$ cat query.csv   # CSV, C-alpha atoms
chain,number,residue,atom,x,y,z
A,1,MET,CA,165.7,66.0,161.9
A,2,VAL,CA,166.8,69.5,161.1
A,3,GLU,CA,168.8,72.3,162.7
A,4,VAL,CA,167.2,75.7,162.8
A,5,ARG,CA,169.4,78.8,163.0
A,6,ARG,CA,169.1,82.5,162.5
A,7,ILE,CA,170.8,83.5,159.3
A,8,THR,CA,174.2,85.3,159.6
A,9,ALA,CA,175.3,88.5,157.9
A,10,ASP,CA,177.4,86.4,155.5
A,11,ASP,CA,174.4,84.4,154.2
A,12,GLY,CA,173.4,86.7,151.4
A,13,GLY,CA,174.1,84.2,148.6
A,14,LEU,CA,172.4,81.4,150.5
A,15,LEU,CA,169.4,83.6,151.2
A,16,ARG,CA,169.1,84.4,147.5
A,17,ARG,CA,169.2,80.8,146.5
A,18,THR,CA,166.8,79.7,149.1
A,19,ARG,CA,164.3,82.5,148.5
A,20,ILE,CA,164.3,81.7,144.7
A,21,ALA,CA,163.9,78.0,145.4
A,22,ALA,CA,160.9,78.8,147.7
A,23,LEU,CA,159.3,81.1,145.1
A,24,SER,CA,159.9,78.6,142.3
A,25,ASP,CA,158.3,75.9,144.4
A,26,ALA,CA,155.1,77.8,145.4
A,27,PRO,CA,154.8,80.8,143.0
A,28,GLY,CA,151.2,81.5,143.7
A,29,ASP,CA,151.5,82.0,147.5
A,30,ALA,CA,153.9,84.9,147.7
A,31,THR,CA,153.5,88.6,147.0
A,32,THR,CA,156.7,88.7,144.9
A,33,THR,CA,157.8,86.7,141.9
A,34,VAL,CA,160.7,84.6,140.9
A,35,ALA,CA,161.6,87.1,138.2
A,36,ARG,CA,161.7,89.9,140.8
A,37,ALA,CA,163.9,87.9,143.1
A,38,VAL,CA,166.3,86.9,140.3
A,39,ALA,CA,166.6,90.5,139.2
A,40,ARG,CA,167.8,91.7,142.6
A,41,ASP,CA,171.5,92.2,142.7
A,42,ASP,CA,174.0,90.7,145.2
A,43,LEU,CA,174.0,93.9,147.3
A,44,HIS,CA,170.3,93.5,147.9
A,45,TRP,CA,170.8,90.0,149.3
A,46,GLU,CA,173.9,90.9,151.3
A,47,GLU,CA,172.0,93.8,152.9
A,48,SER,CA,168.9,91.7,153.6
A,49,ALA,CA,171.1,89.0,155.2
A,50,ALA,CA,172.8,91.6,157.4
A,51,ALA,CA,169.5,93.2,158.4
A,52,ASN,CA,167.9,89.8,159.3
A,53,ALA,CA,170.9,88.4,161.1
A,54,SER,CA,170.6,90.3,164.4
A,55,GLY,CA,168.4,92.7,166.3
A,56,PRO,CA,164.7,92.7,167.4
A,57,LEU,CA,163.1,94.2,164.3
A,58,GLN,CA,163.5,91.5,161.7
A,59,ALA,CA,164.8,88.0,161.4
A,60,THR,CA,165.2,85.1,159.0
A,61,PHE,CA,165.7,81.5,160.0
A,62,PHE,CA,167.0,78.6,158.0
A,63,ALA,CA,166.3,74.9,158.6
A,64,GLU,CA,169.3,72.9,157.6
A,65,HIS,CA,169.6,69.1,157.2
A,66,PRO,CA,172.3,68.0,159.7
A,67,ASP,CA,173.8,65.4,157.3
A,68,GLN,CA,174.1,67.9,154.4
A,69,ALA,CA,176.0,71.0,155.5
A,70,GLY,CA,174.7,74.2,154.0
A,71,GLU,CA,171.6,72.6,152.5
A,72,VAL,CA,168.6,74.7,153.5
A,73,VAL,CA,165.4,72.7,153.6
A,74,GLY,CA,163.2,75.4,155.1
A,75,MET,CA,163.0,79.1,155.7
A,76,VAL,CA,160.9,81.7,157.5
A,77,GLY,CA,161.1,85.5,157.8
A,78,ALA,CA,159.6,87.8,160.4
A,79,TYR,CA,159.4,91.4,161.1
A,80,ALA,CA,158.1,93.4,164.1
A,81,ASN,CA,155.5,96.1,164.1
A,82,GLN,CA,155.4,98.9,166.7
A,83,ASP,CA,152.1,97.5,168.0
A,84,GLY,CA,153.6,94.4,169.5
A,85,THR,CA,153.0,92.1,166.5
A,86,VAL,CA,155.5,90.0,164.7
A,87,ASN,CA,154.5,89.3,161.1
A,88,ILE,CA,155.5,85.9,159.7
A,89,VAL,CA,156.5,85.9,156.0
A,90,GLY,CA,157.7,83.3,153.5
A,91,LEU,CA,157.4,80.1,155.6
A,92,TRP,CA,158.6,77.4,153.3
A,93,SER,CA,159.7,73.7,153.6
A,94,ALA,CA,161.5,72.0,150.6
A,95,GLU,CA,159.8,69.1,148.9
A,96,GLY,CA,160.6,66.0,150.9
A,97,PHE,CA,160.7,68.0,154.2
A,98,ARG,CA,157.0,68.8,154.4
A,99,ASP,CA,154.7,67.5,157.1
A,100,ILE,CA,157.6,66.1,159.1
A,101,GLY,CA,158.0,69.0,161.5
A,102,VAL,CA,160.3,71.5,159.6
A,103,ALA,CA,157.7,74.2,159.5
A,104,ASP,CA,156.9,73.6,163.2
A,105,GLU,CA,160.6,74.0,164.1
A,106,LEU,CA,160.8,77.2,162.0
A,107,LEU,CA,157.7,78.7,163.6
A,108,ALA,CA,158.9,77.8,167.1
A,109,ALA,CA,162.2,79.6,166.4
A,110,THR,CA,160.3,82.6,165.2
A,111,ALA,CA,158.0,82.6,168.3
A,112,SER,CA,161.0,82.3,170.6
A,113,TRP,CA,162.7,85.3,168.9
A,114,ALA,CA,159.5,87.3,169.0
A,115,GLN,CA,159.0,86.6,172.8
A,116,GLN,CA,162.6,87.6,173.5
A,117,SER,CA,161.8,90.9,171.7
A,118,GLY,CA,158.8,91.4,174.0
A,119,THR,CA,156.2,90.8,171.3
A,120,ALA,CA,152.6,90.1,172.3
A,121,ARG,CA,151.4,88.1,169.2
A,122,LEU,CA,152.3,86.5,165.8
A,123,ARG,CA,150.5,87.4,162.6
A,124,ILE,CA,150.3,85.6,159.3
A,125,TRP,CA,148.4,86.5,156.2
A,126,VAL,CA,147.3,83.3,154.4
A,127,VAL,CA,146.1,83.3,150.8
A,128,GLU,CA,142.4,82.3,151.1
A,129,ARG,CA,142.7,79.4,148.6
A,130,ASN,CA,145.6,77.8,150.6
A,131,GLU,CA,143.6,75.6,152.9
A,132,HIS,CA,146.6,73.5,153.7
A,133,ALA,CA,148.4,76.5,155.1
A,134,ARG,CA,145.4,77.8,157.0
A,135,LEU,CA,144.9,74.4,158.7
A,136,PHE,CA,148.6,74.2,159.6
A,137,TYR,CA,148.4,77.6,161.3
A,138,GLU,CA,145.2,76.6,163.1
A,139,ARG,CA,147.0,73.6,164.5
A,140,GLN,CA,149.8,76.0,165.6
A,141,GLY,CA,147.3,78.0,167.7
A,142,PHE,CA,146.5,80.8,165.2
A,143,GLU,CA,143.0,82.0,164.8
A,144,ALA,CA,141.4,83.9,161.9
A,145,THR,CA,140.4,87.4,162.9
A,146,GLY,CA,137.9,88.0,160.1
A,147,THR,CA,140.1,90.6,158.5
A,148,SER,CA,141.2,90.2,154.9
A,149,ILE,CA,143.3,92.2,152.4
A,150,PRO,CA,143.7,91.9,148.7
A,151,TYR,CA,146.4,89.6,147.5
A,152,GLU,CA,148.9,91.9,145.8
A,153,PRO,CA,149.6,89.9,142.6
A,154,ASP,CA,145.8,89.3,142.0
A,155,PRO,CA,143.5,91.6,144.0
A,156,ARG,CA,140.5,89.3,143.1
A,157,ILE,CA,142.0,86.9,145.7
A,158,SER,CA,142.1,87.7,149.4
A,159,GLN,CA,144.6,87.1,152.2
A,160,LEU,CA,143.2,86.2,155.5
A,161,GLU,CA,144.7,87.5,158.8
A,162,MET,CA,145.5,84.9,161.5
A,163,ILE,CA,146.8,85.8,164.9
A,164,ARG,CA,148.4,83.7,167.7
A,165,PRO,CA,149.0,85.3,171.1
A,166,LEU,CA,152.4,84.7,172.7
$ encode --input "query.csv" --output "structure tokens"
Amino acid sequence: MVEVRRITADDGGLLRRTRIAALSDAPGDATTTVARAVARDDLHWEESAAANASGPLQATFFAEHPDQAGEVVGMVGAYANQDGTVNIVGLWSAEGFRDIGVADELLAATASWAQQSGTARLRIWVVERNEHARLFYERQGFEATGTSIPYEPDPRISQLEMIRPL
């Protein structure tokens, strides 16, 4: 179906294109905007790729279609906190690759990386109006904690915390 891999330090341009595609596809579910992503220079994306390519503190994974080299059809980012939690950010599957297991594969890669880093749990903040995402994470073993925070672009909307023990 897809091949999931951790990005490499040379993936800055691909990271930029993929992140902009994801933000363009679902602009109301991220805490940044397409305009902000477009405005970032090449150095930002090169440094981001290098930082997410190795090590136990942050990681980004791409899902690629095996028949189309270099075509990213999904992406997820993650970063570790000192309290033993890995935060999942920016989980995205391209149109045509949703509800067929791409997000499951990306989440599995993230969980594996987190476990290798000695992490105790995964955390995701889900925009309260995104029932589809909330239900997906519940199927993946996440549970709402009852904690919420304001959604940065529109503080009238909340993000709900969901945790999955590893």
$ residues_around --input "query.csv" --residues "stretch 91-107 of chain A" --least-positions-apart "6" --cutoff "12 Å" --atoms "all atoms listed in the file" --output "count of residues only"
49
$ atom_distance --input "query.csv" --atom1 "atom CA of A:Pro56" --atom2 "atom CA of A:Gly118"
8.9 Å
$ atom_distance --input "query.csv" --atom1 "atom CA of A:Ile88" --atom2 "atom CA of A:Thr110"
8.0 Å
$ atom_distance --input "query.csv" --atom1 "atom CA of A:Asn52" --atom2 "atom CA of A:Ile7"
6.9 Å
$ closest_residue --input "query.csv" --among "A:Asp41, A:Ala108, A:Ala53, A:Pro155" --to "A:Val127" --atoms "only C-alpha atoms"
A:Pro155
$ closest_residue --input "query.csv" --among "A:Gln159, A:Asn81, A:Gln116, A:Thr147" --to "A:Leu57" --atoms "only C-alpha atoms"
A:Asn81
